[in-house]
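Just upload_34.csv here, CSV, N, CA and C atoms:
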```csv
chain,number,residue,atom,x,y,z
A,1,MET,N,-31.6,-23.9,-7.3
A,1,MET,CA,-30.3,-24.1,-7.9
A,1,MET,C,-29.6,-25.4,-7.3
A,2,PRO,N,-29.1,-26.3,-8.1
A,2,PRO,CA,-28.5,-27.5,-7.6
A,2,PRO,C,-27.3,-27.1,-6.7
A,3,GLU,N,-27.0,-28.0,-5.7
A,3,GLU,CA,-26.0,-27.7,-4.7
A,3,GLU,C,-24.6,-27.6,-5.4
A,4,THR,N,-24.3,-28.4,-6.4
A,4,THR,CA,-23.0,-28.3,-7.1
A,4,THR,C,-22.8,-27.0,-7.8
A,5,LEU,N,-23.9,-26.5,-8.3
A,5,LEU,CA,-23.8,-25.2,-9.0
A,5,LEU,C,-23.6,-24.1,-8.0
A,6,LYS,N,-24.3,-24.2,-6.8
A,6,LYS,CA,-24.1,-23.2,-5.8
A,6,LYS,C,-22.6,-23.2,-5.3
A,7,ARG,N,-22.0,-24.3,-5.2
A,7,ARG,CA,-20.6,-24.4,-4.7
A,7,ARG,C,-19.7,-23.8,-5.8
A,8,LEU,N,-20.0,-24.1,-7.1
A,8,LEU,CA,-19.2,-23.5,-8.2
A,8,LEU,C,-19.3,-22.0,-8.2
A,9,VAL,N,-20.5,-21.5,-8.1
A,9,VAL,CA,-20.7,-20.0,-8.1
A,9,VAL,C,-19.9,-19.4,-6.9
A,10,ALA,N,-20.1,-20.0,-5.7
A,10,ALA,CA,-19.4,-19.5,-4.5
A,10,ALA,C,-17.9,-19.5,-4.7
A,11,SER,N,-17.3,-20.6,-5.3
A,11,SER,CA,-15.9,-20.7,-5.6
A,11,SER,C,-15.4,-19.7,-6.5
A,12,LEU,N,-16.2,-19.4,-7.6
A,12,LEU,CA,-15.8,-18.4,-8.6
A,12,LEU,C,-15.8,-17.0,-7.9
A,13,ALA,N,-16.8,-16.7,-7.1
A,13,ALA,CA,-16.9,-15.4,-6.5
A,13,ALA,C,-15.7,-15.2,-5.5
A,14,THR,N,-15.4,-16.3,-4.8
A,14,THR,CA,-14.2,-16.2,-3.9
A,14,THR,C,-12.9,-15.9,-4.6
A,15,THR,N,-12.8,-16.6,-5.7
A,15,THR,CA,-11.6,-16.5,-6.5
A,15,THR,C,-11.5,-15.1,-7.1
A,16,ALA,N,-12.6,-14.5,-7.6
A,16,ALA,CA,-12.6,-13.2,-8.1
A,16,ALA,C,-12.3,-12.2,-7.1
A,17,ILE,N,-12.8,-12.3,-5.9
A,17,ILE,CA,-12.6,-11.4,-4.8
A,17,ILE,C,-11.1,-11.4,-4.4
A,18,LYS,N,-10.5,-12.6,-4.3
A,18,LYS,CA,-9.1,-12.7,-3.9
A,18,LYS,C,-8.2,-12.1,-5.0
A,19,SER,N,-8.6,-12.2,-6.3
A,19,SER,CA,-7.7,-11.7,-7.3
A,19,SER,C,-7.7,-10.2,-7.3
A,20,ALA,N,-8.6,-9.6,-6.6
A,20,ALA,CA,-8.7,-8.1,-6.6
A,20,ALA,C,-8.2,-7.6,-5.2
A,21,ASP,N,-7.8,-8.5,-4.3
A,21,ASP,CA,-7.4,-8.1,-3.0
A,21,ASP,C,-6.0,-7.4,-3.1
A,22,PRO,N,-5.9,-6.1,-2.7
A,22,PRO,CA,-4.7,-5.3,-2.9
A,22,PRO,C,-3.5,-5.9,-2.2
A,23,TYR,N,-3.7,-6.4,-1.0
A,23,TYR,CA,-2.6,-7.0,-0.3
A,23,TYR,C,-2.1,-8.3,-1.0
A,24,LEU,N,-3.0,-9.1,-1.4
A,24,LEU,CA,-2.6,-10.4,-2.1
A,24,LEU,C,-1.9,-10.1,-3.4
A,25,VAL,N,-2.4,-9.1,-4.2
A,25,VAL,CA,-1.8,-8.8,-5.5
A,25,VAL,C,-0.4,-8.3,-5.3
A,26,VAL,N,-0.2,-7.3,-4.4
A,26,VAL,CA,1.2,-6.8,-4.2
A,26,VAL,C,2.1,-7.8,-3.6
A,27,ASP,N,1.6,-8.6,-2.6
A,27,ASP,CA,2.4,-9.6,-2.0
A,27,ASP,C,2.9,-10.6,-3.0
A,28,ALA,N,2.0,-11.1,-3.9
A,28,ALA,CA,2.4,-12.0,-5.0
A,28,ALA,C,3.4,-11.5,-5.9
A,29,ALA,N,3.3,-10.2,-6.3
A,29,ALA,CA,4.2,-9.5,-7.2
A,29,ALA,C,5.6,-9.5,-6.5
A,30,LEU,N,5.6,-9.2,-5.2
A,30,LEU,CA,6.9,-9.1,-4.5
A,30,LEU,C,7.5,-10.4,-4.2
A,31,ARG,N,6.7,-11.5,-4.1
A,31,ARG,CA,7.3,-12.8,-4.0
A,31,ARG,C,7.9,-13.3,-5.3
A,32,ASP,N,7.4,-12.8,-6.4
A,32,ASP,CA,7.9,-13.1,-7.8
A,32,ASP,C,9.2,-12.3,-8.0
A,33,ALA,N,9.3,-11.1,-7.5
A,33,ALA,CA,10.4,-10.2,-7.6
A,33,ALA,C,10.8,-9.6,-6.3
A,34,PRO,N,11.5,-10.4,-5.4
A,34,PRO,CA,11.7,-10.0,-4.0
A,34,PRO,C,12.5,-8.7,-4.0
A,35,LEU,N,12.2,-7.9,-2.9
A,35,LEU,CA,12.9,-6.7,-2.6
A,35,LEU,C,14.3,-7.1,-2.0
A,36,THR,N,15.3,-6.5,-2.4
A,36,THR,CA,16.7,-6.9,-1.9
A,36,THR,C,17.2,-5.8,-1.0
A,37,PRO,N,18.1,-6.2,-0.1
A,37,PRO,CA,18.7,-5.2,0.8
A,37,PRO,C,19.4,-4.1,0.0
A,38,LEU,N,19.3,-2.9,0.4
A,38,LEU,CA,20.0,-1.8,-0.3
A,38,LEU,C,21.2,-1.4,0.6
A,39,ASP,N,22.4,-1.5,0.0
A,39,ASP,CA,23.6,-1.1,0.7
A,39,ASP,C,23.7,0.4,0.7
A,40,GLY,N,23.6,1.0,1.9
A,40,GLY,CA,23.7,2.4,2.0
A,40,GLY,C,22.5,3.2,1.6
A,41,GLY,N,21.4,2.5,1.3
A,41,GLY,CA,20.2,3.2,0.8
A,41,GLY,C,18.9,2.8,1.6
A,42,SER,N,17.8,3.3,1.2
A,42,SER,CA,16.6,3.0,1.8
A,42,SER,C,15.5,2.9,0.8
A,43,TYR,N,14.4,2.3,1.1
A,43,TYR,CA,13.2,2.3,0.3
A,43,TYR,C,12.3,3.5,0.6
A,44,LYS,N,11.9,4.2,-0.4
A,44,LYS,CA,11.0,5.3,-0.3
A,44,LYS,C,9.7,4.8,-0.9
A,45,VAL,N,8.6,4.7,0.0
A,45,VAL,CA,7.4,4.0,-0.5
A,45,VAL,C,6.2,5.0,-0.3
A,46,ILE,N,5.5,5.2,-1.4
A,46,ILE,CA,4.4,6.1,-1.4
A,46,ILE,C,3.2,5.3,-1.9
A,47,SER,N,2.1,5.3,-1.1
A,47,SER,CA,0.9,4.6,-1.5
A,47,SER,C,-0.3,5.5,-1.4
A,48,VAL,N,-1.1,5.5,-2.4
A,48,VAL,CA,-2.2,6.4,-2.5
A,48,VAL,C,-3.5,5.7,-2.9
A,49,GLY,N,-4.6,6.2,-2.4
A,49,GLY,CA,-5.9,5.7,-2.8
A,49,GLY,C,-6.6,4.9,-1.7
A,50,LYS,N,-7.8,4.3,-2.1
A,50,LYS,CA,-8.5,3.5,-1.1
A,50,LYS,C,-7.8,2.3,-0.6
A,51,ALA,N,-7.0,1.7,-1.5
A,51,ALA,CA,-6.3,0.5,-1.1
A,51,ALA,C,-4.9,0.7,-0.6
A,52,ALA,N,-4.6,2.0,-0.3
A,52,ALA,CA,-3.2,2.4,0.1
A,52,ALA,C,-2.7,1.6,1.3
A,53,ASN,N,-3.5,1.4,2.3
A,53,ASN,CA,-3.0,0.8,3.5
A,53,ASN,C,-2.6,-0.7,3.3
A,54,MET,N,-3.5,-1.4,2.6
A,54,MET,CA,-3.2,-2.8,2.3
A,54,MET,C,-2.0,-3.0,1.4
A,55,MET,N,-1.9,-2.2,0.4
A,55,MET,CA,-0.7,-2.2,-0.5
A,55,MET,C,0.5,-2.0,0.2
A,56,MET,N,0.5,-0.9,1.1
A,56,MET,CA,1.7,-0.6,1.9
A,56,MET,C,2.1,-1.7,2.8
A,57,LYS,N,1.1,-2.3,3.4
A,57,LYS,CA,1.3,-3.4,4.4
A,57,LYS,C,2.1,-4.6,3.6
A,58,ALA,N,1.7,-4.9,2.4
A,58,ALA,CA,2.3,-5.9,1.6
A,58,ALA,C,3.8,-5.6,1.4
A,59,VAL,N,4.1,-4.3,1.0
A,59,VAL,CA,5.4,-3.9,0.8
A,59,VAL,C,6.3,-4.0,2.1
A,60,ILE,N,5.7,-3.5,3.2
A,60,ILE,CA,6.5,-3.5,4.4
A,60,ILE,C,6.7,-4.9,4.9
A,61,ASP,N,5.7,-5.8,4.7
A,61,ASP,CA,5.9,-7.2,5.1
A,61,ASP,C,7.0,-7.9,4.2
A,62,ASN,N,7.2,-7.4,3.1
A,62,ASN,CA,8.2,-8.0,2.2
A,62,ASN,C,9.6,-7.3,2.2
A,63,LEU,N,9.7,-6.3,2.9
A,63,LEU,CA,11.1,-5.6,3.0
A,63,LEU,C,12.0,-6.6,3.7
A,64,PRO,N,13.3,-6.5,3.3
A,64,PRO,CA,14.3,-7.3,4.1
A,64,PRO,C,14.2,-6.8,5.6
A,65,LYS,N,14.4,-7.7,6.5
A,65,LYS,CA,14.1,-7.4,8.0
A,65,LYS,C,14.8,-6.2,8.5
A,66,THR,N,16.0,-5.8,8.2
A,66,THR,CA,16.7,-4.7,8.8
A,66,THR,C,16.7,-3.5,7.8
A,67,GLN,N,16.0,-3.6,6.8
A,67,GLN,CA,16.0,-2.5,5.7
A,67,GLN,C,15.4,-1.2,6.2
A,68,GLN,N,16.1,-0.1,6.0
A,68,GLN,CA,15.5,1.2,6.4
A,68,GLN,C,14.5,1.6,5.3
A,69,PHE,N,13.4,2.3,5.7
A,69,PHE,CA,12.4,2.8,4.7
A,69,PHE,C,11.8,4.0,5.3
A,70,GLU,N,11.3,4.8,4.3
A,70,GLU,CA,10.4,6.0,4.7
A,70,GLU,C,9.1,5.7,3.8
A,71,ALA,N,8.0,6.0,4.4
A,71,ALA,CA,6.8,5.7,3.8
A,71,ALA,C,5.6,6.7,4.1
A,72,ILE,N,4.8,6.9,3.1
A,72,ILE,CA,3.7,7.8,3.2
A,72,ILE,C,2.5,7.2,2.6
A,73,ILE,N,1.4,7.2,3.3
A,73,ILE,CA,0.1,6.8,2.8
A,73,ILE,C,-0.8,8.0,2.6
A,74,VAL,N,-1.4,8.2,1.5
A,74,VAL,CA,-2.4,9.3,1.3
A,74,VAL,C,-3.7,8.6,0.9
A,75,THR,N,-4.7,8.8,1.7
A,75,THR,CA,-6.0,8.3,1.4
A,75,THR,C,-7.1,9.3,1.7
A,76,ASN,N,-8.4,8.9,1.4
A,76,ASN,CA,-9.5,9.8,1.7
A,76,ASN,C,-9.8,9.7,3.2
A,77,TYR,N,-10.6,10.7,3.7
A,77,TYR,CA,-11.0,10.7,5.1
A,77,TYR,C,-11.8,9.4,5.5
A,78,GLU,N,-12.6,9.0,4.7
A,78,GLU,CA,-13.5,7.8,5.0
A,78,GLU,C,-12.6,6.6,5.3
A,79,ASN,N,-11.6,6.4,4.4
A,79,ASN,CA,-10.7,5.2,4.6
A,79,ASN,C,-9.8,5.4,5.8
A,80,ALA,N,-9.4,6.6,6.0
A,80,ALA,CA,-8.5,6.9,7.2
A,80,ALA,C,-9.1,6.8,8.5
A,81,LEU,N,-10.4,7.0,8.5
A,81,LEU,CA,-11.1,7.1,9.8
A,81,LEU,C,-12.2,6.0,10.0
A,82,ASP,N,-12.2,5.0,9.1
A,82,ASP,CA,-13.2,4.0,9.3
A,82,ASP,C,-13.0,3.0,10.4
A,83,GLY,N,-11.9,3.0,11.0
A,83,GLY,CA,-11.7,2.1,12.2
A,83,GLY,C,-11.2,0.8,11.8
A,84,SER,N,-11.2,0.4,10.6
A,84,SER,CA,-10.8,-1.0,10.2
A,84,SER,C,-9.3,-1.0,9.7
A,85,THR,N,-8.8,0.2,9.6
A,85,THR,CA,-7.4,0.3,9.1
A,85,THR,C,-6.4,0.2,10.3
A,86,GLU,N,-5.6,-0.9,10.2
A,86,GLU,CA,-4.6,-1.0,11.3
A,86,GLU,C,-3.4,-0.2,10.8
A,87,LYS,N,-2.9,0.7,11.7
A,87,LYS,CA,-1.8,1.6,11.3
A,87,LYS,C,-0.5,0.7,11.3
A,88,ILE,N,0.3,1.1,10.3
A,88,ILE,CA,1.6,0.4,10.1
A,88,ILE,C,2.7,1.3,10.8
A,89,ALA,N,3.5,0.7,11.6
A,89,ALA,CA,4.5,1.4,12.3
A,89,ALA,C,5.5,2.0,11.3
A,90,GLY,N,5.9,3.3,11.5
A,90,GLY,CA,6.9,3.9,10.7
A,90,GLY,C,6.3,4.5,9.4
A,91,VAL,N,5.0,4.5,9.3
A,91,VAL,CA,4.4,5.1,8.1
A,91,VAL,C,3.7,6.3,8.4
A,92,ASP,N,3.8,7.4,7.6
A,92,ASP,CA,3.2,8.7,7.8
A,92,ASP,C,1.8,8.6,7.1
A,93,TYR,N,0.7,8.7,7.8
A,93,TYR,CA,-0.6,8.7,7.2
A,93,TYR,C,-1.1,10.1,7.0
A,94,ILE,N,-1.7,10.3,5.8
A,94,ILE,CA,-2.3,11.6,5.5
A,94,ILE,C,-3.7,11.4,4.9
A,95,ALA,N,-4.7,11.9,5.6
A,95,ALA,CA,-6.1,11.9,5.0
A,95,ALA,C,-6.3,13.2,4.3
A,96,ALA,N,-7.0,13.1,3.2
A,96,ALA,CA,-7.2,14.3,2.3
A,96,ALA,C,-8.6,14.2,1.6
A,97,GLY,N,-9.0,15.3,1.2
A,97,GLY,CA,-10.3,15.4,0.5
A,97,GLY,C,-10.3,14.6,-0.9
A,98,HIS,N,-11.4,13.9,-1.2
A,98,HIS,CA,-11.5,13.2,-2.4
A,98,HIS,C,-13.0,13.0,-2.7
A,99,PRO,N,-13.5,13.4,-3.8
A,99,PRO,CA,-12.8,13.7,-5.0
A,99,PRO,C,-12.5,15.2,-5.1
A,100,ILE,N,-12.9,16.0,-4.1
A,100,ILE,CA,-12.6,17.4,-4.2
A,100,ILE,C,-11.4,17.7,-3.3
A,101,PRO,N,-10.3,18.1,-3.9
A,101,PRO,CA,-9.0,18.4,-3.2
A,101,PRO,C,-9.2,19.4,-2.1
A,102,ASP,N,-8.4,19.3,-1.0
A,102,ASP,CA,-8.5,20.3,0.0
A,102,ASP,C,-7.0,20.6,0.5
A,103,ASP,N,-6.9,21.4,1.6
A,103,ASP,CA,-5.6,21.7,2.0
A,103,ASP,C,-4.7,20.5,2.4
A,104,ASN,N,-5.4,19.5,3.0
A,104,ASN,CA,-4.6,18.3,3.4
A,104,ASN,C,-4.0,17.6,2.1
A,105,GLY,N,-4.8,17.7,1.0
A,105,GLY,CA,-4.3,17.1,-0.2
A,105,GLY,C,-3.0,17.8,-0.7
A,106,ILE,N,-3.1,19.2,-0.6
A,106,ILE,CA,-1.9,20.0,-1.0
A,106,ILE,C,-0.7,19.6,-0.1
A,107,SER,N,-1.0,19.5,1.3
A,107,SER,CA,0.1,19.2,2.2
A,107,SER,C,0.6,17.8,1.9
A,108,ALA,N,-0.2,16.8,1.5
A,108,ALA,CA,0.2,15.5,1.2
A,108,ALA,C,1.1,15.5,-0.1
A,109,GLY,N,0.8,16.3,-1.1
A,109,GLY,CA,1.6,16.5,-2.3
A,109,GLY,C,2.9,17.0,-2.0
A,110,ILE,N,3.0,18.0,-1.1
A,110,ILE,CA,4.3,18.6,-0.7
A,110,ILE,C,5.1,17.5,0.1
A,111,LYS,N,4.5,16.8,1.0
A,111,LYS,CA,5.3,15.7,1.7
A,111,LYS,C,5.8,14.7,0.7
A,112,VAL,N,5.0,14.2,-0.2
A,112,VAL,CA,5.4,13.3,-1.2
A,112,VAL,C,6.6,13.8,-2.0
A,113,GLU,N,6.4,15.1,-2.5
A,113,GLU,CA,7.5,15.7,-3.2
A,113,GLU,C,8.8,15.8,-2.4
A,114,LYS,N,8.8,16.1,-1.2
A,114,LYS,CA,10.0,16.2,-0.3
A,114,LYS,C,10.6,14.8,-0.2
A,115,LEU,N,9.8,13.8,0.0
A,115,LEU,CA,10.3,12.4,0.1
A,115,LEU,C,11.0,12.0,-1.1
A,116,LEU,N,10.4,12.3,-2.3
A,116,LEU,CA,11.0,12.0,-3.6
A,116,LEU,C,12.3,12.7,-3.8
A,117,GLN,N,12.3,14.0,-3.4
A,117,GLN,CA,13.5,14.8,-3.5
A,117,GLN,C,14.7,14.3,-2.6
A,118,SER,N,14.3,13.7,-1.6
A,118,SER,CA,15.4,13.2,-0.6
A,118,SER,C,16.0,11.9,-1.1
A,119,ALA,N,15.4,11.3,-2.2
A,119,ALA,CA,16.0,10.0,-2.7
A,119,ALA,C,17.4,10.2,-3.3
A,120,THR,N,18.2,9.3,-3.0
A,120,THR,CA,19.6,9.3,-3.6
A,120,THR,C,19.7,8.1,-4.6
A,121,ALA,N,20.9,8.0,-5.2
A,121,ALA,CA,21.2,7.0,-6.1
A,121,ALA,C,21.2,5.6,-5.4
A,122,ASN,N,21.3,5.6,-4.1
A,122,ASN,CA,21.3,4.3,-3.4
A,122,ASN,C,19.9,3.9,-2.9
A,123,ASP,N,18.9,4.7,-3.1
A,123,ASP,CA,17.6,4.4,-2.7
A,123,ASP,C,16.8,3.8,-3.8
A,124,HIS,N,15.7,3.2,-3.5
A,124,HIS,CA,14.7,2.7,-4.4
A,124,HIS,C,13.3,3.3,-4.0
A,125,VAL,N,12.6,3.8,-5.0
A,125,VAL,CA,11.3,4.4,-4.8
A,125,VAL,C,10.2,3.4,-5.3
A,126,ILE,N,9.2,3.2,-4.5
A,126,ILE,CA,8.1,2.3,-4.9
A,126,ILE,C,6.9,3.2,-4.7
A,127,CYS,N,6.1,3.3,-5.8
A,127,CYS,CA,4.8,4.0,-5.8
A,127,CYS,C,3.7,3.1,-6.1
A,128,LEU,N,2.7,3.1,-5.1
A,128,LEU,CA,1.6,2.2,-5.2
A,128,LEU,C,0.3,3.0,-5.4
A,129,ILE,N,-0.3,2.8,-6.5
A,129,ILE,CA,-1.5,3.6,-6.8
A,129,ILE,C,-2.7,2.6,-7.0
```
Give the structure from this file in structure tokens form.
Amino acid sequence: MPETLKRLVASLATTAIKSADPYLVVDAALRDAPLTPLDGGSYKVISVGKAANMMMKAVIDNLPKTQQFEAIIVTNYENALDGSTEKIAGVDYIAAGHPIPDDNGISAGIKVEKLLQSATANDHVICLI
């Protein structure tokens, strides 16, 4: 394969991978529509799935500096325990069974429900799936 074709293929692959990076996608969306300070409210953030940690990190990184928030991440055991996940301060992490639900999944659902029920008219809810 000619060297220029190799560089083109490598460039295309890099671009494709970056376009699917959960942190970069959420970060770009929030730069286009920035989160604003909430007067008397807080952000309630729920992130679920394999990409939950990176999506949550992008939201937390884009919150106004002194903004209060409550956050829950629900992911599978493999992603929660793989050692590559840097924990985000102030975020409640829940590992649960997937694809077969277990008791931790039920507990996670109850915690998410309670967080949503605690939201007031001054709060904003962000759900990342």
Give me the residues within 5 Å of Ala96 (chain A) as a list in words, counting all atoms listed in the file and dropping any in the same chain fewer than 2 places off. Thr75, Asn76, Tyr77, Ile94, His98, Asn104 and Gly105 of chain A
Work out how far apart atom C of Gln68 (chain A) and atom N of Asp21 (chain A) are and give it in Å to one decimal. 26.3 Å
Restricting the calculation to all atoms listed in the file, which member of A:Val59, A:Ala51, A:Ala108, A:Ile100 is positioned closest to Leu30 (chain A)? A:Val59
Just to confirm, what's the straight-line distance from CA of Thr15 (chain A) to CA of Ala28 (chain A) in Å (one decimal)?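 Interatomic distance here is 14.8 Å.
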Which residue of A:Leu115, A:Val26, A:Val9, A:Ala33 approaches Met56 (chain A) most closely, using only C-alpha atoms: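 Going through A:Leu115, A:Val26, A:Val9, A:Ala33 one by one, the smallest distance to Met56 (chain A) is for A:Val26.
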Grab the atom N of Ala89 (chain A) to atom N of Phe69 (chain A) distance for me, in Å with one decimal place.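 It comes out at 11.6 Å.
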Of the candidates A:Ile46, A:Asp32, A:Arg7, A:Ser118, which one gets nearest to Ile60 (chain A) if we count only C-alpha atoms?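 Ranked by minimum distance to Ile60 (chain A), first place goes to A:Ile46.
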Using DSSP on the backbone coordinates, identify the residues of chain A assigned to helix (DSSP H, G or I); present them as a PyMOL selection string. chain A and resi 3-19+22-32+52-62+77-81+103-117
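The closest residue to Ser42 (chain A), picked from A:Leu24, A:His124, A:Ile129, A:Gly90 and counting all atoms listed in the file, is A:His124.
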Using all atoms listed in the file: which of A:Val91, A:Ala58, A:Ile72, A:Ile110 has the shortest distance to Val45 (chain A):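 Using all atoms listed in the file, the shortest distance to Val45 (chain A) belongs to A:Ile72.
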Residues flagged strand (DSSP E or B) by DSSP in chain A, as an MDAnalysis selection string: chainID A and resid 43:48 69:76 91:96 124:128
Could you list, as a PyMOL selection string, every residue within 8 Å of Asn122 (chain A), counting all atoms listed in the file and ignoring same-chain residues fewer than 2 positions away? chain A and resi 38-43+119-120+124-125
What lies within 10 Å of Tyr93 (chain A) using only C-alpha atoms, ignoring chain neighbours under 5 positions off, as a PyMOL selection string? chain A and resi 47+52-53+71-75+80+87-88+108
Using all atoms listed in the file, pick whichever of A:Leu63, A:Val112, A:Ala121, A:Leu5 has the shortest atom-to-atom distance to Leu35 (chain A).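 Among A:Leu63, A:Val112, A:Ala121, A:Leu5, it is A:Leu63 that comes nearest to Leu35 (chain A).
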